[in-house]
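Visitor: Provided below: upload15.txt, containing compact mmCIF, C-alpha atoms.
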# COMPACT_ATOMS: atom_id res chain seq x y z
CA MET Q 1 90.82 50.18 -201.12
CA ASP Q 2 90.96 53.97 -201.09
CA LYS Q 3 90.63 55.63 -197.70
CA VAL Q 4 87.23 57.18 -197.12
CA LEU Q 5 87.69 60.71 -195.80
CA ALA Q 6 85.36 61.89 -193.06
CA PRO Q 7 83.59 65.10 -194.13
CA ALA Q 8 83.64 66.58 -190.63
CA ARG Q 9 86.02 67.09 -187.73
CA ASP Q 10 86.47 64.77 -184.80
CA LEU Q 11 87.87 66.94 -182.03
CA THR Q 12 88.64 63.84 -179.96
CA ASP Q 13 90.95 62.41 -182.62
CA PRO Q 14 94.58 63.35 -181.81
CA ASP Q 15 95.77 62.26 -185.24
CA GLN Q 16 93.27 64.53 -186.95
CA ASN Q 17 94.13 67.43 -184.63
CA GLN Q 18 97.81 67.04 -185.49
CA ALA Q 19 96.99 66.66 -189.17
CA VAL Q 20 95.50 70.17 -189.14
CA LEU Q 21 98.80 71.67 -187.98
CA ASP Q 22 100.95 69.52 -190.26
CA LEU Q 23 98.82 70.45 -193.23
CA ALA Q 24 98.85 74.11 -192.22
CA SER Q 25 102.66 73.99 -192.22
CA ALA Q 26 102.66 72.50 -195.71
CA LEU Q 27 100.24 75.17 -196.93
CA ALA Q 28 102.18 78.02 -195.31
CA GLU Q 29 105.45 76.78 -196.81
CA GLY Q 30 103.97 76.21 -200.26
CA ARG Q 31 104.34 72.42 -200.11
CA ALA Q 32 100.61 71.82 -200.59
CA THR Q 33 97.69 73.46 -202.35
CA ARG Q 34 94.11 73.87 -201.19
CA GLU Q 35 93.00 71.19 -203.64
CA GLU Q 36 95.62 68.75 -202.40
CA ALA Q 37 94.68 69.49 -198.81
CA GLU Q 38 91.02 68.66 -199.40
CA SER Q 39 91.78 65.50 -201.37
CA ARG Q 40 94.21 64.17 -198.76
CA HIS Q 41 92.48 65.12 -195.54
CA GLY Q 42 88.87 65.99 -196.30
CA PRO Q 43 87.12 69.38 -196.38
CA ALA Q 44 86.88 70.03 -192.63
CA VAL Q 45 90.53 69.41 -191.80
CA ALA Q 46 91.55 71.33 -194.91
CA ALA Q 47 89.39 74.36 -194.01
CA GLU Q 48 90.88 74.53 -190.51
CA ALA Q 49 94.42 74.12 -191.84
CA ILE Q 50 93.92 76.87 -194.41
CA ALA Q 51 92.70 79.23 -191.67
CA ALA Q 52 95.68 78.34 -189.47
CA ALA Q 53 98.16 78.90 -192.30
CA ARG Q 54 96.62 82.29 -193.04
CA ALA Q 55 96.82 83.24 -189.34
CA ARG Q 56 100.48 82.22 -189.13
CA ARG Q 57 101.33 84.36 -192.16
CA ARG Q 58 99.50 87.37 -190.71
CA LEU Q 59 101.20 87.01 -187.33
CA ALA Q 60 104.60 86.73 -188.99
CA GLU Q 61 104.02 90.08 -190.69
CA LEU Q 62 103.62 91.94 -187.38
CA THR Q 63 106.36 93.93 -185.74
CA GLY Q 64 107.02 92.58 -182.26
CA PRO Q 65 107.26 92.17 -179.44
CA VAL Q 66 103.73 90.75 -179.08
CA HIS Q 67 102.46 88.69 -176.17
CA LEU Q 68 99.30 86.60 -176.59
CA THR Q 69 97.34 85.63 -173.48
CA VAL Q 70 94.55 83.09 -173.91
CA VAL Q 71 91.90 82.63 -171.22
CA TRP Q 72 88.92 80.33 -170.83
CA ALA Q 73 86.38 79.27 -168.21
CA MET Q 74 85.97 75.69 -166.99
CA TYR Q 75 82.98 73.92 -165.49
CA GLY Q 76 82.53 70.18 -165.81
CA GLU Q 77 85.39 69.94 -168.30
CA THR Q 78 87.34 67.00 -166.83
CA GLY Q 79 85.98 64.63 -169.45
CA ARG Q 80 87.08 66.77 -172.37
CA MET Q 81 90.41 67.56 -170.71
CA VAL Q 82 91.65 63.96 -170.89
CA PRO Q 83 92.48 61.93 -174.02
CA ARG Q 84 89.77 59.97 -175.81
CA ALA Q 85 91.28 56.73 -174.51
CA VAL Q 86 90.23 57.84 -171.02
CA HIS Q 87 86.84 59.43 -171.78
CA PRO Q 88 84.62 59.15 -174.89
CA HIS Q 89 84.42 62.95 -175.16
CA GLY Q 90 88.08 63.45 -174.36
CA GLU Q 91 89.85 66.09 -176.46
CA ASP Q 92 93.01 66.41 -174.34
CA PHE Q 93 92.39 70.09 -174.86
CA VAL Q 94 95.09 71.54 -172.58
CA ARG Q 95 97.93 69.80 -174.39
CA ALA Q 96 96.21 70.41 -177.73
CA LYS Q 97 95.85 74.16 -177.13
CA VAL Q 98 99.49 74.40 -176.06
CA GLY Q 99 100.45 72.62 -179.26
CA GLN Q 100 98.36 75.00 -181.35
CA LEU Q 101 99.97 78.08 -179.75
CA ASP Q 102 103.44 76.58 -180.09
CA TRP Q 103 102.78 75.93 -183.77
CA LEU Q 104 101.42 79.44 -184.34
CA THR Q 105 104.31 81.27 -182.67
CA GLY Q 106 107.24 78.91 -183.15
CA GLY Q 107 110.22 80.55 -184.81
CA LEU Q 108 108.65 84.03 -184.83
CA PRO Q 109 110.97 86.43 -182.96
CA GLY Q 110 109.32 88.48 -180.25
CA ILE Q 111 106.05 86.51 -180.24
CA THR Q 112 105.24 84.89 -176.88
CA TRP Q 113 102.15 83.41 -175.28
CA SER Q 114 100.57 82.35 -171.99
CA ILE Q 115 97.36 80.68 -170.79
CA ILE Q 116 95.07 81.45 -167.84
CA ALA Q 117 92.08 79.17 -167.17
CA CYS Q 118 89.45 79.92 -164.52
CA ASP Q 119 87.53 77.19 -162.70
CA ASP Q 120 83.89 78.27 -162.36
CA GLY Q 121 83.20 76.14 -159.29
CA CYS Q 122 83.50 72.84 -161.17
CA PRO Q 123 81.84 70.00 -159.20
CA ASP Q 124 83.86 67.21 -160.83
CA GLN Q 125 86.23 65.09 -158.75
CA PRO Q 126 88.93 65.99 -159.38
CA SER Q 127 87.76 69.45 -160.36
CA SER Q 128 88.67 71.03 -163.67
CA ALA Q 129 91.17 73.24 -161.82
CA ASP Q 130 92.82 70.32 -160.04
CA LEU Q 131 93.10 68.22 -163.20
CA MET Q 132 94.48 71.06 -165.32
CA THR Q 133 97.00 71.87 -162.58
CA GLN Q 134 98.11 68.25 -162.61
CA ILE Q 135 98.47 68.25 -166.40
CA ALA Q 136 100.47 71.51 -166.37
CA ALA Q 137 102.83 70.08 -163.74
CA ALA Q 138 103.22 66.78 -165.58
CA GLU Q 139 104.05 68.58 -168.83
CA GLY Q 140 106.45 70.98 -167.12
CA TYR Q 141 104.69 74.14 -168.30
CA PRO Q 142 106.16 77.18 -166.50
CA ALA Q 143 104.05 79.16 -164.03
CA GLU Q 144 104.89 82.53 -165.57
CA GLY Q 145 106.37 84.05 -168.69
CA HIS Q 146 106.40 82.54 -172.16
CA ARG Q 147 104.49 79.24 -172.49
CA SER Q 148 103.12 79.59 -168.95
CA VAL Q 149 99.92 77.75 -168.08
CA ARG Q 150 98.13 79.00 -164.99
CA VAL Q 151 94.88 78.00 -163.30
CA ILE Q 152 92.81 80.30 -161.09
CA ARG Q 153 89.61 79.54 -159.19
CA LEU Q 154 86.63 81.89 -159.29
CA ALA Q 155 85.87 81.17 -155.63
CA GLN Q 156 89.33 82.35 -154.59
CA VAL Q 157 89.10 85.47 -156.78
CA ILE Q 158 85.76 86.33 -155.18
CA GLU Q 159 87.21 85.81 -151.70
CA GLY Q 160 90.30 87.87 -152.51
CA ASP Q 161 90.78 91.59 -152.03
CA THR Q 162 91.41 92.52 -155.67
CA SER Q 163 88.68 94.74 -157.09
CA ILE Q 164 87.57 93.84 -160.63
CA SER Q 165 84.30 95.75 -161.06
CA PRO Q 166 81.71 97.05 -158.59
CA ALA Q 167 79.23 94.36 -159.66
CA PHE Q 168 81.82 91.58 -159.57
CA ASP Q 169 82.97 92.70 -156.14
CA GLN Q 170 79.42 92.05 -154.85
CA LEU Q 171 79.57 88.34 -155.74
CA ALA Q 172 79.63 86.09 -152.69
CA SER Q 173 80.19 82.73 -154.41
CA PRO Q 174 80.54 81.15 -157.89
CA ASP Q 175 76.88 80.11 -157.61
CA GLN Q 176 75.94 83.74 -158.28
CA SER Q 177 77.80 83.72 -161.57
CA ARG Q 178 77.58 81.83 -164.80
CA LYS Q 179 80.42 81.53 -167.30
CA GLY Q 180 80.79 85.31 -167.64
CA GLY Q 181 82.10 85.74 -164.11
CA SER Q 182 84.95 83.32 -164.73
CA ILE Q 183 85.82 84.92 -168.06
CA LEU Q 184 85.86 88.34 -166.40
CA ALA Q 185 88.11 87.07 -163.60
CA ALA Q 186 90.50 85.52 -166.12
CA LEU Q 187 90.54 88.65 -168.31
CA ALA Q 188 91.29 90.80 -165.27
CA ALA Q 189 94.10 88.43 -164.26
CA ALA Q 190 95.51 88.66 -167.78
CA VAL Q 191 95.42 92.45 -167.74
CA THR Q 192 97.11 92.55 -164.33
CA ALA Q 193 99.76 90.02 -165.29
CA GLY Q 194 100.48 91.62 -168.65
CA PRO Q 195 104.07 91.08 -169.75
CA ALA Q 196 106.49 93.65 -168.42
CA ARG Q 197 108.54 95.39 -171.10
CA ALA Q 198 111.70 97.03 -169.88
CA ASN Q 199 111.46 99.72 -172.53
CA GLY Q 200 107.67 99.95 -172.55
CA ALA Q 201 107.50 98.54 -176.08
CA GLY Q 202 105.35 95.69 -177.28
CA ARG Q 203 101.68 94.84 -177.50
CA HIS Q 204 99.54 92.58 -175.34
CA VAL Q 205 96.65 90.77 -177.01
CA ILE Q 206 94.20 88.99 -174.73
CA CYS Q 207 91.91 86.34 -176.18
CA TYR Q 208 89.06 84.45 -174.61
CA THR Q 209 87.82 81.20 -176.04
CA ASP Q 210 85.90 78.08 -175.09
CA ALA Q 211 87.55 75.28 -173.15
CA ASP Q 212 86.98 72.78 -175.95
CA LEU Q 213 88.76 72.69 -179.30
CA SER Q 214 85.94 74.18 -181.39
CA ALA Q 215 88.10 77.19 -182.33
CA ASN Q 216 91.66 76.21 -183.16
CA LEU Q 217 94.02 78.64 -181.38
CA ALA Q 218 96.34 78.49 -184.37
CA GLN Q 219 93.86 80.99 -185.87
CA LEU Q 220 94.70 83.58 -183.20
CA GLY Q 221 97.15 85.30 -185.54
CA SER Q 222 94.19 86.50 -187.60
CA LEU Q 223 92.62 88.14 -184.55
CA ALA Q 224 95.89 89.63 -183.32
CA ALA Q 225 96.78 91.14 -186.70
CA PRO Q 226 94.21 93.97 -186.88
CA ILE Q 227 94.84 94.85 -183.22
CA VAL Q 228 98.63 95.03 -183.45
CA ALA Q 229 98.88 96.45 -186.96
CA GLY Q 230 97.32 99.75 -185.91
CA ASP Q 231 96.10 101.69 -182.91
CA LYS Q 232 92.41 101.93 -183.69
CA VAL Q 233 91.20 98.35 -183.13
CA ALA Q 234 90.27 97.51 -179.55
CA GLY Q 235 88.88 94.07 -180.34
CA ALA Q 236 88.84 91.51 -183.14
CA LEU Q 237 85.83 89.22 -183.01
CA GLY Q 238 85.80 85.78 -184.57
CA GLN Q 239 82.72 85.15 -186.70
CA ARG Q 240 81.48 81.61 -187.34
CA TYR Q 241 78.99 82.68 -189.98
CA GLY Q 242 77.56 85.68 -191.77
CA ILE Q 243 80.72 87.02 -193.42
CA GLU Q 244 82.92 85.91 -196.28
CA GLY Q 245 85.51 83.34 -195.27
CA ALA Q 246 83.69 82.13 -192.15
CA VAL Q 247 83.34 78.36 -192.00
CA LEU Q 248 81.01 76.46 -189.68
CA VAL Q 249 81.87 72.77 -189.39
CA ARG Q 250 78.80 70.73 -188.64
CA ALA Q 251 78.38 67.03 -188.05
CA ASP Q 252 78.02 66.48 -191.80
CA GLY Q 253 80.86 68.75 -192.88
CA PRO Q 254 81.84 72.41 -193.31
CA VAL Q 255 79.45 75.04 -194.65
CA THR Q 256 79.74 78.70 -195.58
CA GLU Q 257 77.12 81.34 -196.27
CA PRO Q 258 74.45 81.25 -197.47
CA GLN Q 259 74.27 77.67 -196.21
CA SER Q 260 75.64 78.39 -192.71
CA THR Q 261 72.62 80.48 -191.78
CA GLY Q 262 70.32 80.00 -194.76
CA GLY Q 263 70.31 76.24 -194.32
CA LYS Q 264 69.52 76.28 -190.61
CA PRO Q 265 66.06 75.07 -189.59
CA ASP Q 266 65.98 77.91 -187.06
CA LYS Q 267 67.12 80.52 -189.60
CA VAL Q 268 64.25 82.93 -189.01
CA ILE Q 269 64.72 82.71 -185.22
CA VAL Q 270 68.39 83.67 -185.67
CA LEU Q 271 67.66 86.46 -188.15
CA PHE Q 272 64.86 87.92 -186.06
CA ARG Q 273 67.12 88.00 -183.01
CA HIS Q 274 69.81 89.83 -184.97
CA PHE Q 275 67.21 92.21 -186.38
CA VAL Q 276 66.15 93.18 -182.85
CA ARG Q 277 69.75 93.55 -181.67
CA ALA Q 278 70.77 95.65 -184.69
CA MET Q 279 67.81 97.98 -184.26
CA LEU Q 280 68.22 98.48 -180.51
CA ILE Q 281 72.03 98.35 -180.36
CA PRO Q 282 73.14 99.86 -183.69
CA SER Q 283 76.79 100.07 -182.62
CA LEU Q 284 76.89 96.26 -182.84
CA ALA Q 285 74.90 95.87 -186.05
CA HIS Q 286 78.05 94.80 -187.94
CA VAL Q 287 78.81 92.07 -185.39
CA LEU Q 288 76.66 89.25 -186.69
CA ASP Q 289 77.96 86.57 -184.33
CA THR Q 290 78.16 88.21 -180.93
CA GLN Q 291 78.33 84.94 -178.99
CA ALA Q 292 81.24 83.24 -180.75
CA GLY Q 293 83.72 81.98 -178.18
CA PHE Q 294 86.81 83.36 -179.90
CA LYS Q 295 87.51 87.06 -179.36
CA ALA Q 296 90.73 89.03 -178.88
CA PHE Q 297 91.35 92.47 -177.39
CA ASP Q 298 94.09 95.03 -176.97
CA GLY Q 299 95.14 94.43 -173.37
CA ALA Q 300 95.86 98.10 -172.76
CA LEU Q 301 92.36 99.10 -173.89
CA LEU Q 302 90.52 96.26 -172.17
CA GLY Q 303 91.30 97.23 -168.58
CA PRO Q 304 89.08 100.33 -168.30
CA VAL Q 305 86.14 98.47 -169.82
CA LEU Q 306 86.31 95.56 -167.38
CA ARG Q 307 85.56 97.97 -164.54
CA GLN Q 308 82.09 98.50 -166.01
CA MET Q 309 81.11 94.85 -166.36
CA SER Q 310 78.04 93.65 -164.49
CA SER Q 311 76.77 90.66 -166.54
CA PHE Q 312 77.90 87.19 -165.57
CA ASN Q 313 75.52 85.10 -167.71
CA GLU Q 314 74.86 84.69 -171.43
CA THR Q 315 74.75 88.47 -171.92
CA PHE Q 316 78.39 88.89 -170.90
CA ASP Q 317 79.67 88.99 -174.49
CA VAL Q 318 77.22 91.64 -175.65
CA GLU Q 319 77.74 93.89 -172.62
CA LEU Q 320 81.50 93.79 -173.12
CA LEU Q 321 81.16 94.73 -176.79
CA ILE Q 322 78.76 97.58 -175.97
CA HIS Q 323 81.21 99.10 -173.49
CA LEU Q 324 84.09 98.77 -175.96
CA ALA Q 325 82.03 100.48 -178.67
CA GLN Q 326 81.03 103.26 -176.25
CA HIS Q 327 84.65 103.81 -175.17
CA TYR Q 328 86.41 103.55 -178.52
CA GLY Q 329 83.70 103.73 -181.21
CA PRO Q 330 81.94 100.95 -183.17
CA GLN Q 331 84.76 101.00 -185.74
CA ALA Q 332 87.14 99.78 -183.01
CA LEU Q 333 85.45 96.37 -183.18
CA ALA Q 334 86.78 94.41 -186.14
CA VAL Q 335 85.18 91.18 -187.32
CA GLU Q 336 87.30 88.31 -188.60
CA PRO Q 337 86.13 85.06 -190.24
CA ILE Q 338 87.08 81.88 -188.43
CA VAL Q 339 86.65 78.17 -188.86
CA PHE Q 340 84.56 76.87 -185.98
CA THR Q 341 83.60 73.27 -185.28
CA GLU Q 342 80.30 72.72 -183.53
CA ASP Q 343 81.09 70.46 -180.59
CA PHE Q 344 77.86 68.63 -179.91
CA ALA Q 345 79.36 66.31 -177.28
CA ALA Q 346 78.17 67.15 -173.77
CA THR Q 347 76.50 70.35 -175.03
CA ASN Q 348 72.84 71.38 -175.00
CA PHE Q 349 71.36 73.41 -177.83
CA PRO Q 350 67.96 75.11 -177.91
CA SER Q 351 65.21 73.56 -179.99
CA VAL Q 352 64.90 74.71 -183.59
CA ASP Q 353 61.24 75.53 -182.91
CA PRO Q 354 60.36 78.88 -181.32
CA GLY Q 355 60.02 78.47 -177.59
CA PRO Q 356 60.71 79.94 -174.16
CA ARG Q 357 64.51 79.95 -174.50
CA HIS Q 358 64.37 81.87 -177.77
CA LEU Q 359 61.93 84.41 -176.35
CA ALA Q 360 64.20 84.75 -173.33
CA MET Q 361 67.07 85.67 -175.68
CA ILE Q 362 64.94 88.48 -177.13
CA GLY Q 363 64.16 89.59 -173.60
CA GLN Q 364 67.87 89.67 -172.82
CA ILE Q 365 68.46 92.05 -175.72
CA VAL Q 366 65.81 94.42 -174.37
CA ASP Q 367 67.30 94.17 -170.90
CA ILE Q 368 70.77 94.95 -172.27
CA TYR Q 369 69.33 97.92 -174.16
CA ASP Q 370 67.67 99.24 -171.01
CA ARG Q 371 70.76 98.78 -168.83
CA PHE Q 372 73.62 99.80 -171.09
CA VAL Q 373 72.32 101.65 -174.15
CA ALA Q 374 69.32 103.71 -173.08
CA SER Q 375 71.01 104.75 -169.84
CA ALA Q 376 74.10 105.98 -171.72
CA ALA Q 377 72.33 107.69 -174.61
CA PRO Q 378 71.19 111.33 -174.59
CA ALA Q 379 67.79 110.15 -175.84
CA PRO Q 380 66.03 106.80 -176.21
CA VAL Q 381 65.57 105.12 -179.57
CA THR Q 382 63.17 106.78 -181.97
CA GLY Q 383 61.28 105.92 -185.14
CA GLU Q 384 61.20 102.28 -186.25
CA ALA Q 385 63.50 101.21 -183.43
CA ALA Q 386 61.17 102.75 -180.83
CA ASP Q 387 58.18 101.07 -182.44
CA LEU Q 388 60.00 97.73 -182.43
CA LEU Q 389 60.95 98.14 -178.79
CA ALA Q 390 57.33 98.82 -177.85
CA LEU Q 391 56.20 95.74 -179.76
CA ILE Q 392 58.84 93.49 -178.21
CA ARG Q 393 57.80 94.56 -174.74
CA THR Q 394 54.31 93.15 -175.42
CA LEU Q 395 55.46 89.74 -176.65
CA ASP Q 396 54.42 86.76 -174.59
CA LEU Q 397 55.30 83.24 -175.65
CA ASP Q 398 52.14 82.66 -177.72
CA ARG Q 399 52.57 85.93 -179.64
CA TYR Q 400 56.28 85.26 -180.19
CA VAL Q 401 55.60 81.77 -181.56
CA THR Q 402 52.87 83.15 -183.81
CA LEU Q 403 55.18 85.84 -185.13
CA ILE Q 404 58.08 83.48 -185.89
CA ASN Q 405 55.86 80.88 -187.53
CA ARG Q 406 54.26 83.51 -189.77
CA LEU Q 407 57.66 84.97 -190.73
CA ARG Q 408 58.79 81.45 -191.55
CA ALA Q 409 55.81 80.99 -193.84
CA GLU Q 410 56.75 84.20 -195.65
CA ASP Q 411 60.44 83.29 -195.83
CA GLU Q 412 60.43 81.08 -198.93
CA GLY Q 413 62.41 82.63 -201.74
CA ASP Q 414 63.89 85.45 -199.65
CA PRO Q 415 67.69 85.32 -200.11
CA THR Q 416 68.54 88.03 -197.58
CA LEU Q 417 70.11 86.98 -194.32
CA PHE Q 418 71.52 89.37 -191.71
CA ASP Q 419 70.58 92.42 -193.79
CA ARG Q 420 66.91 91.56 -193.38
CA ARG Q 421 64.79 94.24 -191.73
CA TRP Q 422 61.07 93.61 -191.27
CA PRO Q 423 58.81 96.72 -191.22
CA VAL Q 424 57.46 96.98 -187.70
CA GLU Q 425 53.98 97.73 -189.01
CA HIS Q 426 54.07 94.37 -190.80
CA LEU Q 427 54.89 92.64 -187.52
CA HIS Q 428 51.94 94.42 -185.91
CA ASP Q 429 49.70 93.25 -188.77
CA ILE Q 430 50.74 89.63 -188.18
CA LEU Q 431 49.90 89.86 -184.52
CA ARG Q 432 46.61 91.71 -185.10
CA ARG Q 433 45.45 88.99 -187.50
CA ALA Q 434 46.29 86.36 -184.88
CA ASP Q 435 44.36 88.09 -182.08
Take the structure in the file and write it out as structure tokens.
Guide:
Amino acid sequence: MDKVLAPARDLTDPDQNQAVLDLASALAEGRATREEAESRHGPAVAAEAIAAARARRRLAELTGPVHLTVVWAMYGETGRMVPRAVHPHGEDFVRAKVGQLDWLTGGLPGITWSIIACDDGCPDQPSSADLMTQIAAAEGYPAEGHRSVRVIRLAQVIEGDTSISPAFDQLASPDQSRKGGSILAALAAAVTAGPARANGAGRHVICYTDADLSANLAQLGSLAAPIVAGDKVAGALGQRYGIEGAVLVRADGPVTEPQSTGGKPDKVIVLFRHFVRAMLIPSLAHVLDTQAGFKAFDGALLGPVLRQMSSFNETFDVELLIHLAQHYGPQALAVEPIVFTEDFAATNFPSVDPGPRHLAMIGQIVDIYDRFVASAAPAPVTGEAADLLALIRTLDLDRYVTLINRLRAEDEGDPTLFDRRWPVEHLHDILRRAD
């Protein structure tokens, strides 16, 4: 009987994780074609392998030396850190990420890498930090230099005497921070521990990602390439959807646009949120997926920006991008398509119906505008953007739900996605009719 290929990715399957890298090697070396990859391994594994092979080729084209530092935050990750044989959600992600970076950089002269993970006050016993430290010791990963794997604890960073940013320095415990505080601490540690070059040559690329395996680190070459190839890119931002080449792997298999966004039951919620962000923060209008957990930065350009950071919750990503755009210009933020697997295990997602969490996200955009855009601009927004801002400030939950439901009713047959811009007067009309 022929083997039935699973359409999606199982991040807990070590054989499938290895198959991605083996297939990527075959693709990079011309021993397999895209069609053969899909027929042998299924569309999800093939899509990830194709992205990895492309990243390896792009990294190989760079002139070294280049050091890649990867950081992530950890909270309650002990289940995913162990193999599936130990925990049903186990991805063995530390060893897997090391394997992905080894595959990406192996045999490329002058390309080195390191890992820094930050424990966000993990309550597990053992904690995420303790377990990862044990794994690093058992595997013999060095504490510094190439292939080093290091663990830091947010609590110890807070208690230390190293200044990161004025707002960070005011934290008294990890309880006052969400994931953003740990990412900031890890980024600052990466900047401080940047590889020393005797002759001052070389580039340092710092990437932050999620602890799980949703974004294969073998794709990091595609984020490093635009940063290292020139001197005008401060950050390369992985995009799960919205641009050509981006692949979102769902439970039923991989999708691209227009299906990635157009096929989502909460499509209008997503598009309306981007519409508000693009109008109020135009420097980020080209960044369709601001929250993707796979971004890379020029280490030399990142340091000054970290000193400005004051968000430690879900708005961390957007604040960081705003500061980078203000320092180096919107064009310094490149967007790169990635293959991203939605990891539903042990993860909570908002409802697809408009509700308090979605309205809160709109409120966060307004708050970010007030704190970081309006305060830095010579004048507040004007025209349509000012009208939209005034409308958003009046939205309570009932009016927000009414607005989204009416826009959904009007959505049928509209093929536009992230380019969609609703006239503000039309939004007012919807709300007036509902009053």
Visitor: Work out where the centre of an axis-aligned box around every listed atom of stretch 337-344 of chain Q lies and how long its edges are once 3 Å is added on each side; give both in Å to one decimal as AutoDock Vina command-line options.
Guide:
--center_x 82.5 --center_y 76.8 --center_z -185.1 --size_x 15.2 --size_y 22.4 --size_z 16.3
Visitor: Let me make sure I understand: among Q:Ala360, Q:Ile164, Q:Leu11, Q:Leu320, which one has the smallest atom-to-atom distance to Q:Glu91 if we use only C-alpha atoms?
Guide: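 Looking at the shortest contact to Q:Glu91, the residue is Q:Leu11.
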Visitor: Could you name the residues that touch Q:Ala390 at 12 Å or less, counting all atoms listed in the file, but leaving out those on the same chain fewer than 5 positions away, as JSON, numbers by chain?
Guide: {"Q": [276, 280, 366, 380, 381, 382, 383, 384, 385, 395, 424, 425, 427, 428]}
Visitor: Would you pick out the contacts of stretch 210-217 of chain Q at 6 Å or less, using all atoms listed in the file, so that residues sharing its chain but fewer than 6 positions from it are not included, and give the list as a list in words?
Guide: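 Within the cut-off, the hits are Trp72, Gln100, Gly293, Phe340 and Thr341 of chain Q.
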Visitor: As an exercise, work out the distance from atom CA of Q:Asp435 to atom CA of Q:Asp367 in Å and give it to one decimal place.
Guide: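 Result for atom CA of Q:Asp435 versus atom CA of Q:Asp367: 26.2 Å, one decimal.
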Visitor: What does the distance from atom CA of Q:Asp266 to atom CA of Q:Val352 come to in Å, to one decimal?
Guide: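 About the pair atom CA of Q:Asp266 and atom CA of Q:Val352: they are 4.8 Å apart.
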Visitor: Could you check the closest approach to Q:Ala51 for each of Q:Met81, Q:Ala32, Q:Ala188, Q:Ala246 and tell me which residue wins, using only C-alpha atoms?
Guide: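 That would be Q:Ala246, the residue with the smallest distance to Q:Ala51.
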Visitor: Could you check which of Q:Pro254, Q:Pro354, Q:Gly238, Q:Gly194 is closest to Q:Arg9, using only C-alpha atoms?
Guide: Q:Pro254
Visitor: Quick one: of Q:Val339, Q:Leu271, Q:Ala73, Q:Leu302, who's nearest to Q:Ile206, counting only C-alpha atoms?
Guide: Q:Leu302
Visitor: Can you list, as a list in words, every protein, DNA or RNA residue that comes within 6 Å of stretch 141-147 of chain Q when you count only C-alpha atoms, leaving out same-chain residues fewer than 6 positions away?
Guide: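 In the requested format, the answer is Thr112, Trp113 and Ser114 of chain Q.
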Visitor: Would you list the contacts of Q:Ser163 as a ChimeraX atom specification, taking every protein, DNA or RNA residue within 12 Å and counting all atoms listed in the file, but skipping same-chain residues closer than 3 positions in sequence?
Guide: /Q:157-160,166-171,184-185,188-189,192,306-309
Visitor: For the selection just defined, write its residues with C-alpha atoms to a file, as a short mmCIF file (atom, residue, chain, number, x, y, z; two decimals), in the frame of the given file.
Guide:
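Saved file part-v1.cif follows:
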data_model
loop_
_atom_site.label_atom_id
_atom_site.label_comp_id
_atom_site.auth_asym_id
_atom_site.auth_seq_id
_atom_site.Cartn_x
_atom_site.Cartn_y
_atom_site.Cartn_z
CA VAL Q 157 89.10 85.47 -156.78
CA ILE Q 158 85.76 86.33 -155.18
CA GLU Q 159 87.21 85.81 -151.70
CA GLY Q 160 90.30 87.87 -152.51
CA PRO Q 166 81.71 97.05 -158.59
CA ALA Q 167 79.23 94.36 -159.66
CA PHE Q 168 81.82 91.58 -159.57
CA ASP Q 169 82.97 92.70 -156.14
CA GLN Q 170 79.42 92.05 -154.85
CA LEU Q 171 79.57 88.34 -155.74
CA LEU Q 184 85.86 88.34 -166.40
CA ALA Q 185 88.11 87.07 -163.60
CA ALA Q 188 91.29 90.80 -165.27
CA ALA Q 189 94.10 88.43 -164.26
CA THR Q 192 97.11 92.55 -164.33
CA LEU Q 306 86.31 95.56 -167.38
CA ARG Q 307 85.56 97.97 -164.54
CA GLN Q 308 82.09 98.50 -166.01
CA MET Q 309 81.11 94.85 -166.36
#
Visitor: Sort by chain and increasing residue number a table of all residues of stretch 67-182 of chain Q within 9 Å of stretch 55-62 of chain Q, each with its closest pair of atoms and their distance in Å to one decimal, counting only C-alpha atoms, and write it as JSON lines.
Guide:
{"residue": "Q:Trp103", "atom": "CA", "partner": "Q:Arg56", "partner_atom": "CA", "distance": 8.6}
{"residue": "Q:Leu104", "atom": "CA", "partner": "Q:Arg56", "partner_atom": "CA", "distance": 5.6}
{"residue": "Q:Thr105", "atom": "CA", "partner": "Q:Arg56", "partner_atom": "CA", "distance": 7.6}
{"residue": "Q:Leu108", "atom": "CA", "partner": "Q:Ala60", "partner_atom": "CA", "distance": 6.4}
{"residue": "Q:Pro109", "atom": "CA", "partner": "Q:Ala60", "partner_atom": "CA", "distance": 8.8}
{"residue": "Q:Ile111", "atom": "CA", "partner": "Q:Leu59", "partner_atom": "CA", "distance": 8.6}
Visitor: Rank nothing, just name the residue among Q:Val268, Q:Val287, Q:Ile362, Q:Val373 nearest to Q:Trp422, using only C-alpha atoms.
Guide: Q:Val268
Visitor: Is it possible to produce a file of stretch 129-140 of chain Q from this structure, with C-alpha atoms, as a PDB file, in the first residue's frame?
Guide:
ATOM      1  CA  ALA Q 129      16.174  27.778  32.297  1.00  0.00           C
ATOM      2  CA  ASP Q 130      17.223  24.805  34.428  1.00  0.00           C
ATOM      3  CA  LEU Q 131      16.133  22.249  31.838  1.00  0.00           C
ATOM      4  CA  MET Q 132      17.793  24.045  28.927  1.00  0.00           C
ATOM      5  CA  THR Q 133      20.987  24.388  30.963  1.00  0.00           C
ATOM      6  CA  GLN Q 134      20.914  20.650  31.602  1.00  0.00           C
ATOM      7  CA  ILE Q 135      20.397  19.896  27.906  1.00  0.00           C
ATOM      8  CA  ALA Q 136      23.241  22.226  26.864  1.00  0.00           C
ATOM      9  CA  ALA Q 137      25.584  20.542  29.344  1.00  0.00           C
ATOM     10  CA  ALA Q 138      24.535  17.053  28.288  1.00  0.00           C
ATOM     11  CA  GLU Q 139      25.111  17.884  24.620  1.00  0.00           C
ATOM     12  CA  GLY Q 140      28.443  19.572  25.315  1.00  0.00           C
TER      13      GLY Q 140
END
